[in-house]
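Next up, work.pdb (PDB, C-alpha atoms and all ligand atoms):
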ATOM      1  CA  MET X   1     108.267 129.813 201.860
ATOM      2  CA  ARG X   2     108.246 127.130 199.276
ATOM      3  CA  GLN X   3     108.967 126.890 195.626
ATOM      4  CA  ARG X   4     105.920 126.803 193.445
ATOM      5  CA  GLN X   5     106.571 126.111 189.817
ATOM      6  CA  ARG X   6     104.072 125.624 187.090
ATOM      7  CA  GLY X   7     103.754 123.771 183.884
ATOM      8  CA  GLY X   8     104.105 120.181 182.757
ATOM      9  CA  LEU X   9     107.249 118.376 183.762
ATOM     10  CA  ASP X  10     109.621 121.178 182.857
ATOM     11  CA  VAL X  11     110.965 121.322 186.382
ATOM     12  CA  ARG X  12     114.296 121.263 188.118
ATOM     13  CA  TRP X  13     113.918 119.126 191.222
ATOM     14  CA  HIS X  14     115.779 120.339 194.239
ATOM     15  CA  ALA X  15     118.204 117.588 195.200
ATOM     16  CA  GLY X  16     119.806 118.535 198.488
ATOM     17  CA  TRP X  17     122.744 120.730 199.253
ATOM     18  CA  PRO X  18     126.466 120.225 199.973
ATOM     19  CA  SER X  19     125.712 120.953 203.624
ATOM     20  CA  ALA X  20     122.209 119.863 204.563
ATOM     21  CA  LYS X  21     121.821 122.264 207.457
ATOM     22  CA  HIS X  22     122.647 125.236 205.224
ATOM     23  CA  ASP X  23     120.183 124.242 202.519
ATOM     24  CA  PRO X  24     118.142 127.394 201.723
ATOM     25  CA  ALA X  25     115.380 125.476 199.919
ATOM     26  CA  PRO X  26     112.016 124.680 201.499
ATOM     27  CA  ASP X  27     111.357 121.340 203.196
ATOM     28  CA  ILE X  28     108.879 120.480 200.466
ATOM     29  CA  GLN X  29     109.101 121.448 196.809
ATOM     30  CA  VAL X  30     105.710 121.893 195.172
ATOM     31  CA  HIS X  31     105.524 121.580 191.422
ATOM     32  CA  VAL X  32     102.233 122.460 189.763
ATOM     33  CA  TYR X  33     101.957 120.165 186.764
ATOM     34  CA  ASP X  34      98.519 121.622 186.098
ATOM     35  CA  GLU X  35      96.047 123.305 188.408
ATOM     36  CA  SER X  36      94.716 120.004 189.707
ATOM     37  CA  THR X  37      97.899 117.907 189.596
ATOM     38  CA  LEU X  38     100.711 118.684 192.023
ATOM     39  CA  ILE X  39     103.985 116.859 192.445
ATOM     40  CA  LEU X  40     105.733 117.303 195.779
ATOM     41  CA  ARG X  41     109.252 116.333 196.723
ATOM     42  CA  GLN X  42     110.623 116.087 200.215
ATOM     43  CA  ASN X  43     113.915 117.949 200.470
ATOM     44  CA  MET X  44     116.909 115.599 200.471
ATOM     45  CA  SER X  45     118.396 117.785 203.205
ATOM     46  CA  VAL X  46     115.493 116.739 205.454
ATOM     47  CA  HIS X  47     115.707 113.032 204.572
ATOM     48  CA  PHE X  48     118.044 111.319 202.105
ATOM     49  CA  GLU X  49     115.187 109.304 200.604
ATOM     50  CA  ALA X  50     113.735 112.559 199.183
ATOM     51  CA  PRO X  51     110.530 110.825 198.104
ATOM     52  CA  PHE X  52     108.072 112.276 195.621
ATOM     53  CA  LEU X  53     104.423 112.630 196.648
ATOM     54  CA  PHE X  54     101.431 113.375 194.476
ATOM     55  CA  LEU X  55      98.345 115.480 195.150
ATOM     56  CA  LEU X  56      95.548 114.960 192.628
ATOM     57  CA  LEU X  57      92.472 117.140 192.927
ATOM     58  CA  GLY X  58      89.025 116.080 191.746
ATOM     59  CA  GLU X  59      85.701 117.862 192.004
ATOM     60  CA  ARG X  60      84.605 116.173 195.231
ATOM     61  CA  ARG X  61      87.840 115.057 196.857
ATOM     62  CA  ALA X  62      91.572 114.918 196.463
ATOM     63  CA  LEU X  63      94.012 112.040 196.610
ATOM     64  CA  LEU X  64      97.325 112.427 198.415
ATOM     65  CA  LEU X  65      99.563 109.616 197.301
ATOM     66  CA  ASP X  66     102.165 108.985 200.031
ATOM     67  CA  THR X  67     103.123 111.068 203.039
ATOM     68  CA  GLY X  68     106.924 111.127 202.911
ATOM     69  CA  ALA X  69     109.774 109.994 205.108
ATOM     70  CA  THR X  70     109.488 112.273 208.149
ATOM     71  CA  ALA X  71     106.694 112.359 210.722
ATOM     72  CA  ASP X  72     107.459 115.624 212.510
ATOM     73  CA  PRO X  73     105.632 118.624 211.006
ATOM     74  CA  ALA X  74     108.380 120.909 212.309
ATOM     75  CA  HIS X  75     110.776 119.290 209.818
ATOM     76  CA  PHE X  76     108.281 118.210 207.212
ATOM     77  CA  PRO X  77     105.094 120.314 207.217
ATOM     78  CA  LEU X  78     103.133 118.161 204.777
ATOM     79  CA  ARG X  79      99.715 118.740 206.310
ATOM     80  CA  ARG X  80     100.161 122.510 206.121
ATOM     81  CA  VAL X  81     101.286 122.391 202.486
ATOM     82  CA  VAL X  82      98.418 120.087 201.496
ATOM     83  CA  ASP X  83      95.859 122.231 203.319
ATOM     84  CA  GLU X  84      97.181 125.367 201.610
ATOM     85  CA  GLU X  85      97.074 123.788 198.189
ATOM     86  CA  VAL X  86      93.578 122.379 198.692
ATOM     87  CA  ALA X  87      92.378 125.788 199.942
ATOM     88  CA  ARG X  88      93.908 127.489 196.927
ATOM     89  CA  TRP X  89      92.135 125.057 194.614
ATOM     90  CA  LEU X  90      88.804 125.394 196.464
ATOM     91  CA  GLU X  91      88.870 129.169 195.996
ATOM     92  CA  LEU X  92      88.496 128.502 192.276
ATOM     93  CA  HIS X  93      86.327 125.376 192.603
ATOM     94  CA  PRO X  94      84.189 125.710 195.726
ATOM     95  CA  CYS X  95      82.863 122.459 197.169
ATOM     96  CA  PRO X  96      81.422 121.978 200.650
ATOM     97  CA  SER X  97      82.815 119.062 202.682
ATOM     98  CA  TYR X  98      85.589 118.548 200.157
ATOM     99  CA  GLY X  99      87.278 115.255 200.979
ATOM    100  CA  LEU X 100      90.814 113.960 201.093
ATOM    101  CA  VAL X 101      91.959 110.373 200.606
ATOM    102  CA  VAL X 102      95.454 109.658 201.908
ATOM    103  CA  ALA X 103      96.714 106.496 200.225
ATOM    104  CA  HIS X 104     100.115 104.985 199.525
ATOM    105  CA  THR X 105     102.088 103.545 196.677
ATOM    106  CA  HIS X 106     103.241 101.069 199.329
ATOM    107  CA  GLY X 107     103.642 100.802 203.056
ATOM    108  CA  HIS X 108     107.347 101.452 203.556
ATOM    109  CA  ARG X 109     108.242 104.012 206.178
ATOM    110  CA  ASP X 110     109.652 106.582 203.720
ATOM    111  CA  HIS X 111     106.222 106.817 202.054
ATOM    112  CA  THR X 112     103.965 106.762 205.102
ATOM    113  CA  ALA X 113     105.807 108.610 207.885
ATOM    114  CA  ALA X 114     103.567 111.687 207.994
ATOM    115  CA  ASP X 115     100.242 109.799 207.964
ATOM    116  CA  GLY X 116      99.716 110.973 211.537
ATOM    117  CA  GLN X 117      99.598 114.611 210.434
ATOM    118  CA  PHE X 118      96.235 113.850 208.804
ATOM    119  CA  ALA X 119      94.692 111.924 211.702
ATOM    120  CA  ASP X 120      92.467 114.790 212.871
ATOM    121  CA  ARG X 121      91.813 116.340 209.473
ATOM    122  CA  PRO X 122      88.098 116.718 208.660
ATOM    123  CA  HIS X 123      86.589 114.811 205.704
ATOM    124  CA  THR X 124      89.756 112.722 205.453
ATOM    125  CA  VAL X 125      90.252 108.986 205.055
ATOM    126  CA  THR X 126      93.704 107.462 205.446
ATOM    127  CA  VAL X 127      94.046 104.050 203.855
ATOM    128  CA  GLY X 128      95.929 101.609 206.074
ATOM    129  CA  ARG X 129      99.269 100.173 204.986
ATOM    130  CA  GLY X 130      98.491  96.480 205.180
ATOM    131  CA  LEU X 131      97.241  94.334 202.329
ATOM    132  CA  GLY X 132      93.791  93.850 203.886
ATOM    133  CA  ALA X 133      93.248  97.590 204.239
ATOM    134  CA  VAL X 134      94.374  98.236 200.660
ATOM    135  CA  THR X 135      92.257  95.515 199.051
ATOM    136  CA  SER X 136      89.122  96.399 201.013
ATOM    137  CA  PHE X 137      89.381 100.177 200.554
ATOM    138  CA  PHE X 138      89.887 100.046 196.795
ATOM    139  CA  GLY X 139      87.791  96.933 196.193
ATOM    140  CA  LEU X 140      90.324  94.428 194.903
ATOM    141  CA  PRO X 141      89.051  91.071 196.214
ATOM    142  CA  ARG X 142      91.026  89.044 193.645
ATOM    143  CA  TRP X 143      94.383  90.674 194.434
ATOM    144  CA  PRO X 144      96.832  90.661 192.716
ATOM    145  CA  GLU X 145      94.384  90.312 189.822
ATOM    146  CA  GLY X 146      91.786  92.884 188.862
ATOM    147  CA  VAL X 147      91.875  96.657 188.525
ATOM    148  CA  ALA X 148      89.847  98.959 190.755
ATOM    149  CA  SER X 149      88.845 102.540 190.158
ATOM    150  CA  LEU X 150      88.833 105.532 192.467
ATOM    151  CA  ASP X 151      86.564 108.441 191.530
ATOM    152  CA  LEU X 152      87.627 111.843 192.866
ATOM    153  CA  GLY X 153      84.680 113.562 191.162
ATOM    154  CA  GLY X 154      85.137 114.105 187.435
ATOM    155  CA  ARG X 155      88.519 112.429 187.711
ATOM    156  CA  VAL X 156      88.940 108.670 187.830
ATOM    157  CA  LEU X 157      92.068 106.741 188.750
ATOM    158  CA  ASP X 158      92.714 103.084 188.012
ATOM    159  CA  VAL X 159      94.263 101.157 190.881
ATOM    160  CA  ILE X 160      96.438  98.232 189.808
ATOM    161  CA  PRO X 161      97.845  95.659 192.236
ATOM    162  CA  GLY X 162     101.645  95.978 192.294
ATOM    163  CA  PRO X 163     103.221  93.598 194.814
ATOM    164  CA  GLY X 164     106.868  92.531 194.573
ATOM    165  CA  HIS X 165     108.783  95.433 196.078
ATOM    166  CA  GLU X 166     106.349  95.293 198.966
ATOM    167  CA  PRO X 167     103.306  93.008 199.406
ATOM    168  CA  ALA X 168     100.642  95.759 199.431
ATOM    169  CA  ALA X 169     102.166  97.991 196.736
ATOM    170  CA  ALA X 170      99.702  99.474 194.239
ATOM    171  CA  VAL X 171     100.160 101.408 191.012
ATOM    172  CA  PHE X 172      97.808 104.281 190.202
ATOM    173  CA  HIS X 173      96.835 105.456 186.726
ATOM    174  CA  ASP X 174      95.332 108.915 186.337
ATOM    175  CA  ARG X 175      93.026 108.869 183.344
ATOM    176  CA  ARG X 176      93.106 112.655 183.108
ATOM    177  CA  THR X 177      96.865 113.126 182.674
ATOM    178  CA  GLY X 178      97.731 109.592 181.570
ATOM    179  CA  MET X 179     100.290 109.379 184.336
ATOM    180  CA  LEU X 180     101.144 106.028 185.877
ATOM    181  CA  PHE X 181     102.380 106.343 189.463
ATOM    182  CA  THR X 182     104.713 103.408 189.883
ATOM    183  CA  GLY X 183     105.893 103.925 193.465
ATOM    184  CA  ASP X 184     109.126 102.049 194.185
ATOM    185  CA  THR X 185     108.327  99.424 191.544
ATOM    186  CA  LEU X 186     109.994 101.487 188.811
ATOM    187  CA  TYR X 187     111.921 104.729 189.047
ATOM    188  CA  PRO X 188     115.390 105.895 187.972
ATOM    189  CA  GLY X 189     117.260 104.329 190.872
ATOM    190  CA  HIS X 190     117.629 101.289 193.067
ATOM    191  CA  LEU X 191     114.796  98.842 192.488
ATOM    192  CA  TYR X 192     114.589  96.493 195.460
ATOM    193  CA  VAL X 193     112.791  93.291 194.588
ATOM    194  CA  GLN X 194     111.578  91.439 197.633
ATOM    195  CA  ASP X 195     109.499  88.806 195.809
ATOM    196  CA  VAL X 196     110.773  88.263 192.283
ATOM    197  CA  ALA X 197     107.804  86.192 191.083
ATOM    198  CA  ALA X 198     105.277  88.745 192.333
ATOM    199  CA  TYR X 199     107.383  91.612 190.982
ATOM    200  CA  THR X 200     107.685  90.037 187.526
ATOM    201  CA  ALA X 201     103.930  89.452 187.437
ATOM    202  CA  THR X 202     103.423  93.103 188.379
ATOM    203  CA  VAL X 203     105.661  94.277 185.538
ATOM    204  CA  ASP X 204     103.719  92.041 183.133
ATOM    205  CA  ARG X 205     100.453  93.443 184.470
ATOM    206  CA  LEU X 206     101.686  97.008 183.932
ATOM    207  CA  LEU X 207     102.898  96.217 180.414
ATOM    208  CA  ALA X 208      99.466  94.799 179.584
ATOM    209  CA  PHE X 209      97.833  97.870 181.102
ATOM    210  CA  CYS X 210     100.003 100.172 178.973
ATOM    211  CA  GLU X 211      98.904  98.269 175.860
ATOM    212  CA  ARG X 212      95.260  98.988 176.553
ATOM    213  CA  HIS X 213      95.388 102.466 178.073
ATOM    214  CA  PRO X 214      96.956 105.760 177.134
ATOM    215  CA  VAL X 215      99.920 106.004 179.496
ATOM    216  CA  THR X 216     101.958 109.155 178.972
ATOM    217  CA  GLN X 217     104.550 108.983 181.699
ATOM    218  CA  LEU X 218     105.613 106.714 184.500
ATOM    219  CA  LEU X 219     106.347 108.581 187.708
ATOM    220  CA  GLY X 220     108.031 106.729 190.543
ATOM    221  CA  CYS X 221     108.901 107.928 194.016
ATOM    222  CA  HIS X 222     112.664 108.545 194.000
ATOM    223  CA  ILE X 223     115.582 109.554 191.781
ATOM    224  CA  GLU X 224     118.859 107.783 192.564
ATOM    225  CA  MET X 225     120.644 107.597 189.200
ATOM    226  CA  THR X 226     122.955 110.227 187.727
ATOM    227  CA  THR X 227     122.672 111.493 184.163
ATOM    228  CA  THR X 228     125.424 109.026 183.177
ATOM    229  CA  PRO X 229     123.773 105.754 182.107
ATOM    230  CA  GLY X 230     124.328 103.002 184.650
ATOM    231  CA  ASP X 231     125.806 105.355 187.239
ATOM    232  CA  ASP X 232     123.962 105.704 190.542
ATOM    233  CA  TYR X 233     124.130 107.779 193.679
ATOM    234  CA  PRO X 234     124.809 105.392 196.559
ATOM    235  CA  ARG X 235     122.078 104.929 199.152
ATOM    236  CA  GLY X 236     122.228 107.703 201.742
ATOM    237  CA  THR X 237     123.470 110.451 199.393
ATOM    238  CA  THR X 238     122.071 113.854 200.417
ATOM    239  CA  HIS X 239     123.226 115.990 197.506
ATOM    240  CA  GLN X 240     122.541 114.880 193.937
ATOM    241  CA  PRO X 241     123.360 117.753 191.571
ATOM    242  CA  ASP X 242     123.301 115.550 188.496
ATOM    243  CA  GLU X 243     119.926 113.807 188.487
ATOM    244  CA  PRO X 244     118.064 112.563 185.393
ATOM    245  CA  PRO X 245     114.349 113.421 185.087
ATOM    246  CA  LEU X 246     111.846 111.633 187.308
ATOM    247  CA  GLU X 247     109.548 110.647 184.492
ATOM    248  CA  MET X 248     109.994 107.416 182.567
ATOM    249  CA  ASN X 249     107.940 105.879 179.762
ATOM    250  CA  PRO X 250     106.591 102.443 178.796
ATOM    251  CA  GLY X 251     109.928 101.741 177.062
ATOM    252  CA  HIS X 252     111.562 101.711 180.495
ATOM    253  CA  LEU X 253     109.001  99.161 181.627
ATOM    254  CA  ARG X 254     109.990  96.970 178.675
ATOM    255  CA  ALA X 255     113.662  97.409 179.607
ATOM    256  CA  LEU X 256     112.813  96.314 183.140
ATOM    257  CA  ARG X 257     111.036  93.235 181.805
ATOM    258  CA  ARG X 258     114.086  92.323 179.699
ATOM    259  CA  ALA X 259     116.296  92.787 182.764
ATOM    260  CA  LEU X 260     114.094  90.395 184.721
ATOM    261  CA  THR X 261     114.371  87.816 181.947
ATOM    262  CA  GLU X 262     118.160  88.197 181.749
ATOM    263  CA  THR X 263     118.761  88.000 185.462
ATOM    264  CA  ALA X 264     116.288  85.122 185.886
ATOM    265  CA  GLY X 265     115.788  85.729 189.584
ATOM    266  CA  ARG X 266     119.507  85.596 190.477
ATOM    267  CA  PRO X 267     119.955  87.361 193.810
ATOM    268  CA  GLY X 268     122.274  90.335 193.808
ATOM    269  CA  THR X 269     122.640  93.729 192.166
ATOM    270  CA  HIS X 270     122.275  93.973 188.415
ATOM    271  CA  ARG X 271     123.195  97.285 186.810
ATOM    272  CA  TYR X 272     121.288  98.724 183.862
ATOM    273  CA  ALA X 273     121.358 102.107 182.124
ATOM    274  CA  ASP X 274     118.345 103.581 183.885
ATOM    275  CA  PHE X 275     118.077 101.536 187.094
ATOM    276  CA  LEU X 276     119.798  99.035 189.340
ATOM    277  CA  LEU X 277     117.891  95.851 189.984
ATOM    278  CA  HIS X 278     118.476  94.473 193.477
ATOM    279  CA  ILE X 279     117.056  90.996 193.801
ATOM    280  CA  GLU X 280     116.882  89.939 197.410
ATOM    281  CA  GLU X 281     117.754  86.391 198.568
TER     282      GLU X 281
HETATM  283 ZN    ZN L   1     109.811 101.136 199.250
END
Let's see the structure in the file written out as structure tokens.
Ligand SMILES: [Zn+2]
Amino acid sequence: MRQRQRGGLDVRWHAGWPSAKHDPAPDIQVHVYDESTLILRQNMSVHFEAPFLFLLLGERRALLLDTGATADPAHFPLRRVVDEEVARWLELHPCPSYGLVVAHTHGHRDHTAADGQFADRPHTVTVGRGLGAVTSFFGLPRWPEGVASLDLGGRVLDVIPGPGHEPAAAVFHDRRTGMLFTGDTLYPGHLYVQDVAAYTATVDRLLAFCERHPVTQLLGCHIEMTTTPGDDYPRGTTHQPDEPPLEMNPGHLRALRRALTETAGRPGTHRYADFLLHIEE
């Protein structure tokens, strides 16, 4: 069984258990934001990264953004959950040969591990992790410039190049909900900056995007802060009873830009109220 909650972002995310093996919660939490927008979280008791995944349903096909941190369906039955949710949606909105695009916020292992579960799925395309696969699938020949669009049928996403945390990272904007899916580029937690120049340009690109488009919330892929400003859960924590909400807003993006100006590319860990900025050597 899994939890199925409904309605906006009024949700309590399951965040592990004092003893992982006694955790009674399902491997995957499914939150129904609205009937065609689902937010999934991998249970922290299955993998400490506890990434968030997003399933967006259009009239002709769905987009699954990320596949989590665990490959084995016995521990992380992502394919089954996605198939059930798509079937549930198709009962209300029948469509023959309904498609699925499996794409990623970026290619790190904790966001791509269950790609293999979709290998034999009919009407399914899985976008490769490398930069070439990402730019050719979405149509971004001038990467990291330009914005592409992905039409799911009556629902269009903007795809914005987002390198810096990882070279092929992309940020997705859902025009229907106004959500901006920021991957590991911005979330309430540890922001690892691999390429500070590329990352800063990405933040500037996202700020410019937010000026021109209605962005309601920024949704990243992890929560690693506590509700006390500046206080984090250390990497590897498997029980986080005191998490802040997942969603952020364009003000957090501005705070991140100020942090980048202040730290001026200095390697190390820089602590801020809503995130820790780790600039790699
Ligand atoms: Zn990452």
Per residue of chain X within 12 Å of ligand ZN 1 (chain L), which atom pair is closest and at what distance in Å (one decimal), using all atoms listed in the file, listed by chain and increasing number, as a tab-separated table?
residue	atom	partner	partner_atom	distance
X:Glu49	CA	L:ZN1	ZN	9.9
X:Pro51	CA	L:ZN1	ZN	9.8
X:Phe52	CA	L:ZN1	ZN	11.8
X:Asp66	CA	L:ZN1	ZN	11.0
X:Gly68	CA	L:ZN1	ZN	11.0
X:Ala69	CA	L:ZN1	ZN	10.6
X:His104	CA	L:ZN1	ZN	10.4
X:Thr105	CA	L:ZN1	ZN	8.5
X:His106	CA	L:ZN1	ZN	6.6
X:Gly107	CA	L:ZN1	ZN	7.3
X:His108	CA	L:ZN1	ZN	5.0
X:Arg109	CA	L:ZN1	ZN	7.7
X:Asp110	CA	L:ZN1	ZN	7.0
X:His111	CA	L:ZN1	ZN	7.3
X:Thr112	CA	L:ZN1	ZN	10.0
X:Gly162	CA	L:ZN1	ZN	11.9
X:Pro163	CA	L:ZN1	ZN	11.0
X:Gly164	CA	L:ZN1	ZN	10.2
X:His165	CA	L:ZN1	ZN	6.6
X:Glu166	CA	L:ZN1	ZN	6.8
X:Pro167	CA	L:ZN1	ZN	10.4
X:Ala168	CA	L:ZN1	ZN	10.6
X:Ala169	CA	L:ZN1	ZN	8.6
X:Ala170	CA	L:ZN1	ZN	11.4
X:Thr182	CA	L:ZN1	ZN	10.9
X:Gly183	CA	L:ZN1	ZN	7.5
X:Asp184	CA	L:ZN1	ZN	5.2
X:Thr185	CA	L:ZN1	ZN	8.0
X:Leu186	CA	L:ZN1	ZN	10.4
X:Tyr187	CA	L:ZN1	ZN	11.0
X:Gly189	CA	L:ZN1	ZN	11.7
X:His190	CA	L:ZN1	ZN	10.0
X:Leu191	CA	L:ZN1	ZN	8.7
X:Tyr192	CA	L:ZN1	ZN	7.7
X:Val193	CA	L:ZN1	ZN	9.6
X:Gln194	CA	L:ZN1	ZN	10.0
X:Gly220	CA	L:ZN1	ZN	10.5
X:Cys221	CA	L:ZN1	ZN	8.6
X:His222	CA	L:ZN1	ZN	9.5
Dump of C-alpha atoms for the selected residues, as a short mmCIF file (atom, residue, chain, number, x, y, z; two decimals), in the coordinates of the input:
data_model
loop_
_atom_site.label_atom_id
_atom_site.label_comp_id
_atom_site.auth_asym_id
_atom_site.auth_seq_id
_atom_site.Cartn_x
_atom_site.Cartn_y
_atom_site.Cartn_z
CA GLU X 49 115.19 109.30 200.60
CA PRO X 51 110.53 110.82 198.10
CA PHE X 52 108.07 112.28 195.62
CA ASP X 66 102.16 108.98 200.03
CA GLY X 68 106.92 111.13 202.91
CA ALA X 69 109.77 109.99 205.11
CA HIS X 104 100.12 104.98 199.52
CA THR X 105 102.09 103.54 196.68
CA HIS X 106 103.24 101.07 199.33
CA GLY X 107 103.64 100.80 203.06
CA HIS X 108 107.35 101.45 203.56
CA ARG X 109 108.24 104.01 206.18
CA ASP X 110 109.65 106.58 203.72
CA HIS X 111 106.22 106.82 202.05
CA THR X 112 103.96 106.76 205.10
CA GLY X 162 101.64 95.98 192.29
CA PRO X 163 103.22 93.60 194.81
CA GLY X 164 106.87 92.53 194.57
CA HIS X 165 108.78 95.43 196.08
CA GLU X 166 106.35 95.29 198.97
CA PRO X 167 103.31 93.01 199.41
CA ALA X 168 100.64 95.76 199.43
CA ALA X 169 102.17 97.99 196.74
CA ALA X 170 99.70 99.47 194.24
CA THR X 182 104.71 103.41 189.88
CA GLY X 183 105.89 103.92 193.46
CA ASP X 184 109.13 102.05 194.18
CA THR X 185 108.33 99.42 191.54
CA LEU X 186 109.99 101.49 188.81
CA TYR X 187 111.92 104.73 189.05
CA GLY X 189 117.26 104.33 190.87
CA HIS X 190 117.63 101.29 193.07
CA LEU X 191 114.80 98.84 192.49
CA TYR X 192 114.59 96.49 195.46
CA VAL X 193 112.79 93.29 194.59
CA GLN X 194 111.58 91.44 197.63
CA GLY X 220 108.03 106.73 190.54
CA CYS X 221 108.90 107.93 194.02
CA HIS X 222 112.66 108.54 194.00
#
Could you list the residues chosen by the PyMOL selection byres (((chain X and resi 123-132) around 8) and not hetatm) in this structure as a short mmCIF file (atom, residue, chain, number, x, y, z; two decimals) with C-alpha atoms, keeping the file's coordinate frame?
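Below is the file that was written, selection00.cif:
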data_model
loop_
_atom_site.label_atom_id
_atom_site.label_comp_id
_atom_site.auth_asym_id
_atom_site.auth_seq_id
_atom_site.Cartn_x
_atom_site.Cartn_y
_atom_site.Cartn_z
CA SER X 97 82.82 119.06 202.68
CA TYR X 98 85.59 118.55 200.16
CA GLY X 99 87.28 115.26 200.98
CA LEU X 100 90.81 113.96 201.09
CA VAL X 101 91.96 110.37 200.61
CA VAL X 102 95.45 109.66 201.91
CA ALA X 103 96.71 106.50 200.22
CA HIS X 104 100.12 104.98 199.52
CA HIS X 106 103.24 101.07 199.33
CA GLY X 107 103.64 100.80 203.06
CA ASP X 115 100.24 109.80 207.96
CA PHE X 118 96.24 113.85 208.80
CA ALA X 119 94.69 111.92 211.70
CA ARG X 121 91.81 116.34 209.47
CA PRO X 122 88.10 116.72 208.66
CA ALA X 133 93.25 97.59 204.24
CA VAL X 134 94.37 98.24 200.66
CA THR X 135 92.26 95.52 199.05
CA SER X 136 89.12 96.40 201.01
CA PHE X 137 89.38 100.18 200.55
CA PRO X 167 103.31 93.01 199.41
CA ALA X 168 100.64 95.76 199.43
#
Just to confirm, what's the straight-line distance from atom CA of Val46 of chain X to atom CA of Ala25 of chain X in Å (one decimal)?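 So the answer is 10.3 Å.
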Take atom CA of His270 of chain X and atom CA of Ala50 of chain X and report the distance between them in Å, one decimal. 23.1 Å
Please evaluate the PyMOL selection byres (((chain X and resi 251) around 12) and not hetatm) against the displayed coordinates and give the resulting residues as a PyMOL selection string. chain X and resi 186+206-207+210-211+215-218+247-250+252-258+274
Evaluate the PyMOL selection byres (((chain X and resi 234) around 12) and not hetatm) on the structure here and hand back the selected residues as a ChimeraX atom specification. /X:48-49,189-190,223-226,231-233,235-240,276
Looking at X:Asp195, X:Glu243, X:Asp23, X:Asp204, which one is nearest to Arg266 of chain X, with distances taken over all atoms listed in the file? X:Asp195
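For the pair atom CA of Leu40 of chain X and atom CA of Leu55 of chain X, the interatomic distance is 7.6 Å.
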May I have the residues at most 10 Å from (116.5, 126.4, 201.8) in the file's coordinates, counting all atoms listed in the file, as a list in words?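 Here is the list of nearby residues: Met1, Arg2, Gln3, His14, Gly16, Trp17, Ala20, Lys21, His22, Asp23, Pro24, Ala25, Pro26, Asp27, Ile28, Asn43 and Ser45 of chain X.
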Taking all listed atoms of segment 219-231 of chain X, build the axis-aligned box, pad each of the six sides by 4 Å, then write its centre and edge lengths in Å to one decimal as lines of an AutoDock Vina configuration file.
center_x = 116.1
center_y = 107.2
center_z = 188.1
size_x = 27.5
size_y = 16.5
size_z = 19.9
Will you model N, CA, C and O atoms for segment 134-144 of chain X and pass it back as a CSV table (one decimal), in the frame of the given file?
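Below you can see result-v9.csv, which holds the result:
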chain,number,residue,atom,x,y,z
X,134,VAL,N,94.3,97.8,202.1
X,134,VAL,CA,94.4,98.2,200.7
X,134,VAL,C,93.3,97.5,199.8
X,134,VAL,O,92.6,98.2,199.0
X,135,THR,N,93.2,96.2,199.9
X,135,THR,CA,92.3,95.5,199.1
X,135,THR,C,90.8,95.9,199.4
X,135,THR,O,90.0,96.0,198.5
X,136,SER,N,90.5,96.1,200.7
X,136,SER,CA,89.1,96.4,201.0
X,136,SER,C,88.8,97.8,200.7
X,136,SER,O,87.7,98.1,200.2
X,137,PHE,N,89.7,98.8,200.9
X,137,PHE,CA,89.4,100.2,200.6
X,137,PHE,C,89.1,100.3,199.1
X,137,PHE,O,88.1,101.0,198.6
X,138,PHE,N,90.0,99.8,198.2
X,138,PHE,CA,89.9,100.0,196.8
X,138,PHE,C,88.9,99.1,196.1
X,138,PHE,O,88.4,99.3,195.0
X,139,GLY,N,88.7,97.9,196.8
X,139,GLY,CA,87.8,96.9,196.2
X,139,GLY,C,88.6,96.1,195.2
X,139,GLY,O,88.3,96.1,194.0
X,140,LEU,N,89.5,95.3,195.7
X,140,LEU,CA,90.3,94.4,194.9
X,140,LEU,C,90.3,93.0,195.5
X,140,LEU,O,91.3,92.5,196.0
X,141,PRO,N,89.2,92.4,195.5
X,141,PRO,CA,89.1,91.1,196.2
X,141,PRO,C,89.9,90.0,195.6
X,141,PRO,O,90.2,89.0,196.2
X,142,ARG,N,90.3,90.1,194.3
X,142,ARG,CA,91.0,89.0,193.6
X,142,ARG,C,92.5,89.4,193.6
X,142,ARG,O,93.2,88.8,192.8
X,143,TRP,N,93.0,90.3,194.4
X,143,TRP,CA,94.4,90.7,194.4
X,143,TRP,C,95.3,89.5,194.3
X,143,TRP,O,95.0,88.5,194.9
X,144,PRO,N,96.3,89.5,193.5
X,144,PRO,CA,96.8,90.7,192.7
X,144,PRO,C,96.2,90.8,191.3
X,144,PRO,O,96.8,91.5,190.5
